[in-house]
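Engineer: Got a structure for you, written out below as structure tokens; questions coming shortly.
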Amino acid sequence: MSTNQKMTMDAAYEAVAPDDFPAMMEIDRYGNRSTAFDKIISATHDHFWDPLDDKYVDFSQPWDLENDLLMPADFNMELKTAVSDKLDEKQKVYLVNESVRWTMSSILHGEQGALALSASLCHILKDPGAQEYAANQTREEARHVTGFARYVQARWGKPKPCGVVLEKLLCEIVATPLVWKKLVGMQMIVEGLAMGTFATFYAKTNDPLMRRLMQLVMTDEAFHHKFGKIWADRTVPNLPAAERDLIEDWALEVFMTLMRNSTGPEQKKEIYERIGLDWRWVQGALAEALTDKNMRRELQESTNVFRVLIKTLVKAGIVTSRTAPMYAAYVDMAELYGEGDRMVGDDIAEEGIKYLQQLNGAGGDAAIFALGATAAE
């Protein structure tokens, strides 16, 4: 059976088994290059940045973790519950900043997963254009790993371990031989979550270093999301119902798993213990506060990570009348369907690209043009 297990696939995403290198040397393959990815490949130079060069981002900028909030207090879910009544101001600062550390560590692990997955695509994508794009993304994910590792080191010394739910998802999509699961899992679900997370941190952080890092990363992530959108535009409309249903159901399952485990009280019990709280009590306080009504209100914000993820799936055609009611419990689906294709991070990415073009001395708006290009072009 092929790597795709007979899943209907656009020719630009044709794949072979990871150990089938002879297929990469077929002489006709070199001339059969799709043009679908040319614009986003050519644009990569316009959003180049180097996390090891202070010209782009200076990791020596200080921060007083004991007294200064990295994010506003209302960003922290626990402080919207009875937890807040049990803590003094110093403890609240600790909770907020350590929660940011936990999230930044999750991002770092996610970027490492994206790096491994992009590299694995280089082994299986047969189209030379798709393969070159995957190689470019591998390079960009590697600098994200470096960037977030340096940020965590600058603020805390070392990251927290990966949460069990995220680790399971990353391991599944990196190891799977199914191309559709790699692309939906990473380019849409994980990247969709990432764009929402980065946009939120960019908009709300009190830390100038974090804000700059988020903007630079988003200049890359917008293109990674674009690669997944091209796949969806070319593939999903042509899938037989059974195959589309398989993808749709898996995406919903992953969404629900992430939604239900997003706060991760058990995974953060070490943080709670340092401020005299039992994680089980915190879990109860969160469960009491996070009613469906409250969750829906939280998800109305355009940068909410799960709203961005749902919109990503909607615009990719991976949400139909079969599953829309499940998502409608959290967001206004009619509102999402009525919105354009632009994602919440696109404006931030475009500003970042212009900043990088000035910094790098590049001319033109090729990257911004490519970011707005459609899969049909």
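If you're wondering about the labels, chains in the structure tokens are A, B, ... by order shown, residues count from 1 in each chain, ligands from 1 in order shown.
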Residues at most 8 Å from Thr235 in chain A, counting only C-alpha atoms, excluding those fewer than 2 positions away in the same chain, as a PyMOL selection string?
Structural biologist: chain A and resi 8-10+231-233+237-239
Engineer: Leaving out range 78-90 of chain A and any residue of its chain fewer than 6 positions from it, which residues lie within 9 Å of it when counting only C-alpha atoms, given as a PDB file with N, CA and C atoms, in the first residue's frame?
Structural biologist:
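Output below, filename around.pdb:
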```
ATOM      1  N   GLU A  66       9.973  38.318  39.113  1.00  0.00           N
ATOM      2  CA  GLU A  66       9.330  38.298  40.427  1.00  0.00           C
ATOM      3  C   GLU A  66       8.274  39.385  40.590  1.00  0.00           C
ATOM      4  N   ASN A  67       8.431  40.462  39.861  1.00  0.00           N
ATOM      5  CA  ASN A  67       7.554  41.615  40.088  1.00  0.00           C
ATOM      6  C   ASN A  67       6.751  42.072  38.875  1.00  0.00           C
ATOM      7  N   VAL A  96       1.204  33.769  36.798  1.00  0.00           N
ATOM      8  CA  VAL A  96       1.117  34.247  35.414  1.00  0.00           C
ATOM      9  C   VAL A  96       2.404  33.935  34.657  1.00  0.00           C
ATOM     10  N   THR A 263      -6.238  23.603  29.569  1.00  0.00           N
ATOM     11  CA  THR A 263      -5.748  24.217  30.797  1.00  0.00           C
ATOM     12  C   THR A 263      -4.714  23.348  31.498  1.00  0.00           C
ATOM     13  N   ILE A 275       2.819  27.675  45.123  1.00  0.00           N
ATOM     14  CA  ILE A 275       2.025  28.761  45.721  1.00  0.00           C
ATOM     15  C   ILE A 275       0.929  28.183  46.622  1.00  0.00           C
ATOM     16  N   GLY A 276       1.152  26.958  47.085  1.00  0.00           N
ATOM     17  CA  GLY A 276       0.290  26.376  48.105  1.00  0.00           C
ATOM     18  C   GLY A 276      -1.059  25.875  47.641  1.00  0.00           C
ATOM     19  N   LEU A 277      -1.179  25.540  46.361  1.00  0.00           N
ATOM     20  CA  LEU A 277      -2.454  25.060  45.836  1.00  0.00           C
ATOM     21  C   LEU A 277      -2.348  23.607  45.376  1.00  0.00           C
ATOM     22  N   TRP A 281      -7.783  20.819  43.366  1.00  0.00           N
ATOM     23  CA  TRP A 281      -8.666  21.925  43.726  1.00  0.00           C
ATOM     24  C   TRP A 281      -8.725  22.953  42.601  1.00  0.00           C
ATOM     25  N   VAL A 282      -7.569  23.238  42.000  1.00  0.00           N
ATOM     26  CA  VAL A 282      -7.528  24.179  40.871  1.00  0.00           C
ATOM     27  C   VAL A 282      -8.374  23.649  39.723  1.00  0.00           C
ATOM     28  N   ALA A 285     -11.913  24.363  40.481  1.00  0.00           N
ATOM     29  CA  ALA A 285     -12.218  25.787  40.325  1.00  0.00           C
ATOM     30  C   ALA A 285     -12.359  26.164  38.851  1.00  0.00           C
ATOM     31  N   LEU A 286     -11.497  25.597  38.023  1.00  0.00           N
ATOM     32  CA  LEU A 286     -11.567  25.864  36.587  1.00  0.00           C
ATOM     33  C   LEU A 286     -12.832  25.272  35.987  1.00  0.00           C
ATOM     34  N   GLU A 288     -15.631  24.736  37.419  1.00  0.00           N
ATOM     35  CA  GLU A 288     -16.788  25.520  37.863  1.00  0.00           C
ATOM     36  C   GLU A 288     -16.908  26.812  37.073  1.00  0.00           C
ATOM     37  N   ALA A 289     -15.777  27.405  36.755  1.00  0.00           N
ATOM     38  CA  ALA A 289     -15.787  28.697  36.053  1.00  0.00           C
ATOM     39  C   ALA A 289     -15.946  28.560  34.547  1.00  0.00           C
ATOM     40  N   LEU A 290     -15.391  27.471  33.979  1.00  0.00           N
ATOM     41  CA  LEU A 290     -15.384  27.318  32.525  1.00  0.00           C
ATOM     42  C   LEU A 290     -16.652  26.640  32.036  1.00  0.00           C
TER      43      LEU A 290
END
```
Engineer: Applying 8 Å and only C-alpha atoms, which residues near Leu115 in chain A remain after dropping the ones on its own chain fewer than 3 positions away? List them as a list of chain:residue names.
Structural biologist: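 Non-adjacent residues within range: A:Glu111, A:Gln112, A:Ser118, A:Ala119, A:Gln137, A:Thr138, A:Arg139, A:Glu141, A:Ala142.
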Engineer: Which range 71-129 of chain A residues have any atom within 9 Å of an atom of range 25-37 of chain A, and for each, what is the nearest pair of atoms with distance in Å to one decimal, counting only C-alpha atoms, rows sorted by chain and number, as a Markdown table?
Structural biologist:
```
| residue | atom | partner | partner_atom | distance |
| --- | --- | --- | --- | --- |
| A:Lys126 | CA | A:Arg29 | CA | 7.5 |
| A:Asp127 | CA | A:Arg33 | CA | 5.6 |
| A:Pro128 | CA | A:Arg33 | CA | 5.3 |
| A:Gly129 | CA | A:Arg33 | CA | 5.5 |
```
Engineer: Leaving out Phe59 in chain A and any residue of its chain fewer than 6 positions from it, which residues lie within 8 Å of it when counting only C-alpha atoms, given as a PyMOL selection string?
Structural biologist: chain A and resi 150-151+154+209
Engineer: Can you list, as a list in words, every protein, DNA or RNA residue that comes within 9 Å of range 60-65 of chain A when you count only C-alpha atoms, leaving out same-chain residues fewer than 5 positions away?
Structural biologist: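 Using only C-alpha atoms, the neighbours found are Asp54, Leu70, Val93, Tyr94, Asn97, Ala154, Arg155, Trp156, Asp207, Pro208 and Leu209 of chain A.
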Engineer: Can you write just those residues out, all heavy atoms, as a short mmCIF file (atom, residue, chain, number, x, y, z; two decimals), in the first residue's frame?
Structural biologist:
```cif
data_model
loop_
_atom_site.label_atom_id
_atom_site.label_comp_id
_atom_site.auth_asym_id
_atom_site.auth_seq_id
_atom_site.Cartn_x
_atom_site.Cartn_y
_atom_site.Cartn_z
N ASP A 54 21.64 39.80 16.97
CA ASP A 54 20.93 40.80 17.77
C ASP A 54 20.26 41.86 16.91
O ASP A 54 19.38 42.58 17.40
CB ASP A 54 21.90 41.49 18.74
CG ASP A 54 22.37 40.55 19.85
OD1 ASP A 54 21.80 39.44 19.95
OD2 ASP A 54 23.31 40.91 20.59
N LEU A 70 4.57 39.16 32.60
CA LEU A 70 4.86 39.02 31.17
C LEU A 70 3.60 39.23 30.33
O LEU A 70 3.66 39.74 29.21
CB LEU A 70 5.45 37.64 30.88
CG LEU A 70 6.88 37.41 31.35
CD1 LEU A 70 7.20 35.92 31.35
CD2 LEU A 70 7.87 38.17 30.49
N VAL A 93 1.80 37.08 40.28
CA VAL A 93 2.84 37.31 39.28
C VAL A 93 3.54 35.99 38.96
O VAL A 93 3.80 35.67 37.79
CB VAL A 93 3.87 38.36 39.78
CG1 VAL A 93 5.07 38.43 38.84
CG2 VAL A 93 3.21 39.72 39.91
N TYR A 94 3.84 35.21 40.00
CA TYR A 94 4.49 33.91 39.80
C TYR A 94 3.62 33.00 38.93
O TYR A 94 4.11 32.37 37.99
CB TYR A 94 4.77 33.24 41.15
CG TYR A 94 5.34 31.85 41.02
CD1 TYR A 94 6.71 31.65 40.82
CD2 TYR A 94 4.52 30.73 41.09
CE1 TYR A 94 7.23 30.37 40.68
CE2 TYR A 94 5.03 29.44 40.95
CZ TYR A 94 6.39 29.27 40.75
OH TYR A 94 6.91 28.01 40.61
N ASN A 97 3.54 34.28 35.23
CA ASN A 97 4.81 34.12 34.51
C ASN A 97 5.20 32.66 34.33
O ASN A 97 5.76 32.28 33.30
CB ASN A 97 5.91 34.90 35.23
CG ASN A 97 5.75 36.40 35.07
OD1 ASN A 97 4.97 36.87 34.24
ND2 ASN A 97 6.47 37.17 35.87
N ALA A 154 16.61 32.82 28.25
CA ALA A 154 16.81 34.18 28.74
C ALA A 154 15.90 34.50 29.93
O ALA A 154 16.29 35.23 30.84
CB ALA A 154 16.55 35.18 27.60
N ARG A 155 14.69 33.94 29.93
CA ARG A 155 13.73 34.28 30.98
C ARG A 155 13.75 33.29 32.15
O ARG A 155 13.55 33.69 33.30
CB ARG A 155 12.31 34.36 30.39
CG ARG A 155 12.11 35.52 29.41
CD ARG A 155 12.13 36.85 30.16
NE ARG A 155 12.01 38.01 29.27
CZ ARG A 155 13.02 38.79 28.93
NH1 ARG A 155 14.24 38.56 29.41
NH2 ARG A 155 12.84 39.81 28.12
N TRP A 156 13.94 31.99 31.88
CA TRP A 156 13.81 31.00 32.96
C TRP A 156 14.98 30.02 33.07
O TRP A 156 15.08 29.30 34.04
CB TRP A 156 12.53 30.18 32.77
CG TRP A 156 11.29 30.99 32.82
CD1 TRP A 156 10.66 31.46 33.93
CD2 TRP A 156 10.51 31.44 31.70
NE1 TRP A 156 9.54 32.17 33.58
CE2 TRP A 156 9.43 32.19 32.21
CE3 TRP A 156 10.63 31.30 30.31
CZ2 TRP A 156 8.47 32.77 31.39
CZ3 TRP A 156 9.69 31.88 29.50
CH2 TRP A 156 8.61 32.62 30.04
N ASP A 207 6.14 42.28 27.44
CA ASP A 207 7.56 42.08 27.21
C ASP A 207 7.93 42.41 25.75
O ASP A 207 7.52 41.69 24.83
CB ASP A 207 7.91 40.61 27.52
CG ASP A 207 9.39 40.30 27.35
OD1 ASP A 207 10.18 41.22 27.07
OD2 ASP A 207 9.77 39.11 27.50
N PRO A 208 8.69 43.48 25.52
CA PRO A 208 9.07 43.84 24.14
C PRO A 208 9.82 42.72 23.42
O PRO A 208 9.68 42.57 22.20
CB PRO A 208 9.95 45.08 24.32
CG PRO A 208 9.60 45.62 25.67
CD PRO A 208 9.24 44.43 26.50
N LEU A 209 10.63 41.95 24.14
CA LEU A 209 11.37 40.85 23.53
C LEU A 209 10.41 39.79 23.00
O LEU A 209 10.56 39.32 21.87
CB LEU A 209 12.33 40.23 24.56
CG LEU A 209 13.03 38.93 24.14
CD1 LEU A 209 13.82 39.11 22.85
CD2 LEU A 209 13.93 38.44 25.27
#
```
Engineer: Run DSSP on the backbone and give me the residues of range 161-368 of chain A it puts in alpha helix (DSSP H), as number ranges by chain.
Structural biologist: A: 164-175, 179-182, 191-204, 208-235, 241-260, 269-274, 279-289, 292-299, 305-315, 324-328, 333-338, 346-360, 366-368
Engineer: With only C-alpha atoms as the atoms that count, which of A:Ala130, A:Ala12, A:Ala23, A:Cys122 lies nearest to Ile41 in chain A?
Structural biologist: A:Ala130
